[in-house]
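Enquirer: To start, I am sharing the structure in question, which I have written as structure tokens.
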Amino acid sequence: MGCNNGANVTLQAMMDMSTTAQENSVSDGWTGVKLTPTGYAIGLQSVKLTSSTSSDSFTIFDQGTGAPLFTRLYNSPTRVTVASKNDISNGTYDHLELQVYYYEADISAVDAMQQTHIRRLRSYFQSMNEPLVCLCNNNNSTAVSPFDMLLSINDMTVPTSDNPNDLGDTTADLEWIDQTNGSPCTPRSTCTNNSNAPYQGSTGLFAGYPTVNNIPLNQTISVDSSTNSTFVINLIAGIQELFFYDETSDTSPSNTQFNYQYLTSTQPPPAPPPAQDGTIQLACSTPNCSVNPKTADFWIGPPTFITSVTSQ
């Protein structure tokens with residue numbers, strides 16, 4: 001099956017800041033705000049071609065027991081080559097199946113001095129050892145659990161161009177987030193409420209993860225012994241309004257900013273402003289408190305995936 005048939009596949013990926021992400025909101029008494037990240041990355045464990053009409057399946061790549069493949073996506077028209085594979089097995093393929101171990105969004109946040117910072121926010125969907133966890137506060141464990149959400153504690157070095165080789169900052173500074181006040185909690189067992197219980201955001205958005213299947217190809221790929229083509233699949237992640245947070249200071253915000261309280265380990269003077277959207281369980285005096293006095297959420301939701309297939 002598929003030996004020497006001349007049918008090859010190249011998988012490319014990119015982000016699209018003009019295509020809205022999947023439904024990513026909640027009604028909890030706060031005014032919800034959705035923002036578009038300044039950058040995006042994905043940790044892929046495997047990608048397969050599948051069929052909706054048969055059992056045909058072809059693995060483009062699989063990391064096996066190794067670490068997921070970190071891929072930073074760039075906006076149109078830059079495409080990053082993720083993987084290539086020769087000799088596609090004979091069959092008819094009309095969908096992609098992804099194994100996604102994490103998503104990462106570059107979000108803008110302001111501190112008490114109203115200075116903007118770019119931070120990396122990651123959502124995980126599979127247990128794994130994460131080498132980018134901060135080895136601080138006597139932390140010697142880098143194991144993350146499904147639906148953990150980690151935030152970087154240092155400013156990110158943003159890629160200077162749409163060069164796929166320029167991955168930006170990958171510093172080992174990711175920390176878990178305390179459920180009670182949004183502060184960094186590392187190691188994981190130091191997070192409050194109970195042992196090993198960091199803030200995880202809305203886990204219901206990711207039902208079925210880490211598997212993302214039934215992503216339709218916009219062109220069916222048919223392969224038999226006479227096929228002599230290279231199929232190029234461009235996987236496009238729509239990330240517009242992907243980052244969600246509850247605005248805790250204004251029921252009708254006109255200048256939306258994510259005011260995250262714990263941007264540094266030592267908060268500079270003056271004291272943090274009333275808007276502290278990262279405090280999770282916020283003690284407050286606004287009318288919204290009578291509706292839901294504790295939970296002020298934030299998270300990154302799932303992107304909208306579409307494909308573009310060409311043959312050469």
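Labels for the structure tokens follow display order: chains A, B, ..., residues from 1 in each chain, ligands from 1.
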Do a neighbour search on Thr116 (chain A) at 10 Å with only C-alpha atoms, toss out local chain neighbours closer than 6 positions, and write the hits as a PyMOL selection string.
Expert: chain A and resi 107-110+155+257-259+263
Enquirer: Dump as a Markdown table the rows for residues of region 77-140 of chain A within 7 Å of region 169-190 of chain A: closest atom pair and distance in Å with one decimal, only C-alpha atoms counted, ordered by chain and rising residue number.
Expert:
```
| residue | atom | partner | partner_atom | distance |
| --- | --- | --- | --- | --- |
| A:Pro131 | CA | A:Ala172 | CA | 6.7 |
| A:Leu132 | CA | A:Ala172 | CA | 3.8 |
| A:Val133 | CA | A:Leu174 | CA | 4.5 |
| A:Cys134 | CA | A:Asp173 | CA | 4.1 |
| A:Cys136 | CA | A:Thr186 | CA | 7.0 |
| A:Asn137 | CA | A:Thr186 | CA | 6.3 |
| A:Asn139 | CA | A:Pro187 | CA | 4.9 |
```
Enquirer: Could you write out the selected residues, including N, CA and C atoms, as a PDB file, in the first residue's frame?
Expert:
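The resulting file, out_10.pdb, is reproduced below:
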```pdb
ATOM      1  N   PRO A 131       9.650  21.418  29.798  1.00  0.00           N
ATOM      2  CA  PRO A 131      10.957  21.973  30.143  1.00  0.00           C
ATOM      3  C   PRO A 131      10.957  23.479  30.343  1.00  0.00           C
ATOM      4  N   LEU A 132       9.882  24.168  29.939  1.00  0.00           N
ATOM      5  CA  LEU A 132       9.846  25.621  30.077  1.00  0.00           C
ATOM      6  C   LEU A 132       9.200  26.077  31.383  1.00  0.00           C
ATOM      7  N   VAL A 133       8.873  25.120  32.282  1.00  0.00           N
ATOM      8  CA  VAL A 133       8.381  25.504  33.601  1.00  0.00           C
ATOM      9  C   VAL A 133       9.521  26.137  34.390  1.00  0.00           C
ATOM     10  N   CYS A 134       9.193  27.208  35.104  1.00  0.00           N
ATOM     11  CA  CYS A 134      10.199  27.930  35.881  1.00  0.00           C
ATOM     12  C   CYS A 134      10.750  27.052  37.007  1.00  0.00           C
ATOM     13  N   CYS A 136      11.928  27.658  39.869  1.00  0.00           N
ATOM     14  CA  CYS A 136      12.039  28.670  40.915  1.00  0.00           C
ATOM     15  C   CYS A 136      11.237  28.215  42.122  1.00  0.00           C
ATOM     16  N   ASN A 137      11.423  28.899  43.242  1.00  0.00           N
ATOM     17  CA  ASN A 137      10.700  28.565  44.478  1.00  0.00           C
ATOM     18  C   ASN A 137      10.879  27.099  44.866  1.00  0.00           C
ATOM     19  N   ASN A 139      11.299  24.641  43.004  1.00  0.00           N
ATOM     20  CA  ASN A 139      10.544  23.757  42.128  1.00  0.00           C
ATOM     21  C   ASN A 139      11.479  22.781  41.429  1.00  0.00           C
TER      22      ASN A 139
END
```
Enquirer: Using only C-alpha atoms, which residues sit within 6 Å of region 42-58 of chain A once same-chain residues fewer than 2 positions away are excluded, as a list of chain:residue names?
Expert: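 Result of the neighbour search: A:Ile60, A:Phe61, A:Asp62, A:Gln63, A:Pro68, A:Leu69, A:Phe70, A:Thr71, A:Gly91, A:Tyr93, A:Asp94, A:His95, A:Leu96, A:Glu97, A:Leu98, A:Gln99, A:Val100, A:Tyr101, A:Tyr102, A:Tyr103.
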Enquirer: Could you check which of A:Ser202, A:Ser311, A:Ser229, A:Asn214 is closest to Val26 (chain A), using only C-alpha atoms?
Expert: A:Ser202
Enquirer: Point out the residue among A:Glu247, A:Asp166, A:Asp28, A:Asp87 with the least atom-to-atom distance to Thr227 (chain A), counting only C-alpha atoms.
Expert: A:Asp87
Enquirer: Give the strand (DSSP E) residues of region 63-311 of chain A, as DSSP finds them on the backbone, and put them as a ChimeraX atom specification.
Expert: /A:69-73,80-85,91-110,116-124,128-129,143-144,149-152,174-177,184-185,211-223,230-240,243-247,280-281,295-296,298-300,304-311
Enquirer: Using only C-alpha atoms, please write the residues we just selected to a file, as a CSV table (one decimal), in the first residue's frame.
Expert:
```csv
chain,number,residue,atom,x,y,z
A,69,LEU,CA,6.5,19.6,18.0
A,70,PHE,CA,6.5,23.3,19.0
A,71,THR,CA,5.4,25.4,16.0
A,72,ARG,CA,5.1,29.1,16.1
A,73,LEU,CA,2.5,30.3,13.6
A,80,VAL,CA,5.6,27.4,8.4
A,81,THR,CA,6.5,23.9,7.1
A,82,VAL,CA,5.6,21.5,9.9
A,83,ALA,CA,6.4,18.1,8.3
A,84,SER,CA,6.7,16.2,5.0
A,85,LYS,CA,6.1,12.6,4.2
A,91,GLY,CA,-6.8,5.8,-0.4
A,92,THR,CA,-9.1,8.8,-0.3
A,93,TYR,CA,-8.7,11.4,2.3
A,94,ASP,CA,-10.9,14.3,3.2
A,95,HIS,CA,-10.1,15.2,6.8
A,96,LEU,CA,-7.2,16.0,9.1
A,97,GLU,CA,-6.8,14.6,12.7
A,98,LEU,CA,-4.6,16.5,15.1
A,99,GLN,CA,-3.2,15.5,18.5
A,100,VAL,CA,-2.7,18.8,20.2
A,101,TYR,CA,-0.8,18.8,23.5
A,102,TYR,CA,-1.0,22.6,24.1
A,103,TYR,CA,-1.9,26.0,22.6
A,104,GLU,CA,0.2,29.1,23.4
A,105,ALA,CA,-1.0,32.7,22.9
A,106,ASP,CA,1.0,35.8,23.2
A,107,ILE,CA,-1.2,38.2,25.2
A,108,SER,CA,-1.0,41.9,26.1
A,109,ALA,CA,-1.3,42.8,29.7
A,110,VAL,CA,-0.8,46.0,31.7
A,116,THR,CA,2.1,46.9,28.5
A,117,HIS,CA,3.8,43.5,28.6
A,118,ILE,CA,3.6,40.6,26.2
A,119,ARG,CA,3.3,37.3,28.1
A,120,ARG,CA,2.9,33.7,27.0
A,121,LEU,CA,-0.2,31.9,28.1
A,122,ARG,CA,-0.4,28.1,27.6
A,123,SER,CA,-3.2,25.7,27.9
A,124,TYR,CA,-2.3,22.0,28.1
A,128,MET,CA,3.7,15.9,30.0
A,129,ASN,CA,7.0,17.2,31.3
A,143,ALA,CA,5.0,17.8,35.1
A,144,VAL,CA,1.8,19.5,33.8
A,149,MET,CA,-2.9,26.9,32.2
A,150,LEU,CA,0.5,28.4,32.7
A,151,LEU,CA,1.6,32.0,32.3
A,152,SER,CA,5.1,33.3,31.7
A,174,LEU,CA,6.1,29.4,32.9
A,175,GLU,CA,4.3,29.1,36.2
A,176,TRP,CA,0.9,27.8,37.3
A,177,ILE,CA,-1.8,30.3,38.5
A,184,PRO,CA,2.1,32.5,40.3
A,185,CYS,CA,2.3,29.2,42.2
A,211,THR,CA,-7.7,14.9,19.7
A,212,VAL,CA,-9.0,17.4,17.2
A,213,ASN,CA,-10.6,15.4,14.4
A,214,ASN,CA,-12.9,16.0,11.5
A,215,ILE,CA,-11.1,19.1,10.2
A,216,PRO,CA,-12.3,19.0,6.6
A,217,LEU,CA,-9.9,19.3,3.7
A,218,ASN,CA,-11.1,21.8,1.1
A,219,GLN,CA,-10.0,19.4,-1.6
A,220,THR,CA,-10.2,15.6,-1.4
A,221,ILE,CA,-6.8,13.8,-1.7
A,222,SER,CA,-7.1,10.6,-3.8
A,223,VAL,CA,-4.1,8.3,-4.1
A,230,THR,CA,3.0,16.4,-4.0
A,231,PHE,CA,0.0,17.5,-2.0
A,232,VAL,CA,0.6,20.7,0.1
A,233,ILE,CA,-1.8,21.1,3.0
A,234,ASN,CA,-2.0,24.5,4.7
A,235,LEU,CA,-3.5,24.3,8.1
A,236,ILE,CA,-4.9,27.7,9.1
A,237,ALA,CA,-5.7,28.6,12.7
A,238,GLY,CA,-8.2,31.5,13.1
A,239,ILE,CA,-7.3,33.3,16.3
A,240,GLN,CA,-9.3,36.5,16.2
A,243,PHE,CA,-8.3,35.5,24.4
A,244,PHE,CA,-11.2,35.9,26.8
A,245,TYR,CA,-11.3,37.7,30.2
A,246,ASP,CA,-13.8,39.1,32.6
A,247,GLU,CA,-13.5,42.9,32.9
A,280,ILE,CA,-9.6,35.1,39.8
A,281,GLN,CA,-11.6,35.3,43.0
A,295,THR,CA,-15.0,34.2,39.9
A,296,ALA,CA,-13.2,36.5,37.4
A,298,PHE,CA,-9.6,34.4,31.7
A,299,TRP,CA,-8.4,31.9,29.2
A,300,ILE,CA,-7.5,31.2,25.6
A,304,THR,CA,-11.0,27.8,14.2
A,305,PHE,CA,-9.2,25.4,11.9
A,306,ILE,CA,-9.6,25.5,8.1
A,307,THR,CA,-7.4,24.0,5.4
A,308,SER,CA,-6.2,24.9,1.9
A,309,VAL,CA,-4.9,22.0,-0.3
A,310,THR,CA,-2.9,22.3,-3.5
A,311,SER,CA,-1.2,19.7,-5.6
```
Enquirer: So the first atom is CA of Thr248 (chain A) and the second is CA of Asn24 (chain A); what is the distance between them in Å, to one decimal place?
Expert: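 According to the coordinates, CA of Thr248 (chain A) and CA of Asn24 (chain A) are separated by 17.8 Å.
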Enquirer: Could you check which of A:Tyr199, A:Asn163, A:Thr192, A:Asn86 is closest to Gly6 (chain A), using only C-alpha atoms?
Expert: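 For Gly6 (chain A), the nearest of the given residues is A:Asn86.
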Enquirer: Between CA of Ser145 (chain A) and CA of Pro210 (chain A), measure the distance and give it in Å to one decimal.
Expert: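 Distance reported for this atom pair: 12.0 Å.
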Enquirer: How many Å lie between CA of Glu130 (chain A) and CA of Gly168 (chain A), rounded to one decimal?
Expert: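 So the two atoms, CA of Glu130 (chain A) and CA of Gly168 (chain A), lie 17.6 Å apart.
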Enquirer: Run DSSP on the backbone of this structure and report the residues of region 62-273 of chain A it assigns to helix (DSSP H, G or I), as an NGL selection string.
Expert: :A and (188-190 or 203-206)
Enquirer: Next, dump the selected residues to file, keeping only N, CA and C atoms, as a compact mmCIF listing (two decimals), in the first residue's frame.
Expert:
```txt
# COMPACT_ATOMS: atom_id res chain seq x y z
N ARG A 188 3.60 23.12 41.40
CA ARG A 188 2.15 22.98 41.26
C ARG A 188 1.47 22.73 42.60
N SER A 189 2.11 21.98 43.49
CA SER A 189 1.50 21.59 44.76
C SER A 189 1.32 22.76 45.71
N THR A 190 1.90 23.93 45.40
CA THR A 190 1.74 25.09 46.28
C THR A 190 0.49 25.90 45.95
N THR A 203 -12.48 24.53 31.11
CA THR A 203 -12.10 23.26 30.52
C THR A 203 -13.16 22.72 29.56
N GLY A 204 -14.40 23.22 29.70
CA GLY A 204 -15.47 22.72 28.84
C GLY A 204 -15.29 23.07 27.38
N LEU A 205 -14.47 24.09 27.09
CA LEU A 205 -14.23 24.46 25.70
C LEU A 205 -13.46 23.39 24.95
N PHE A 206 -12.79 22.51 25.68
CA PHE A 206 -11.86 21.58 25.05
C PHE A 206 -12.30 20.12 25.22
```
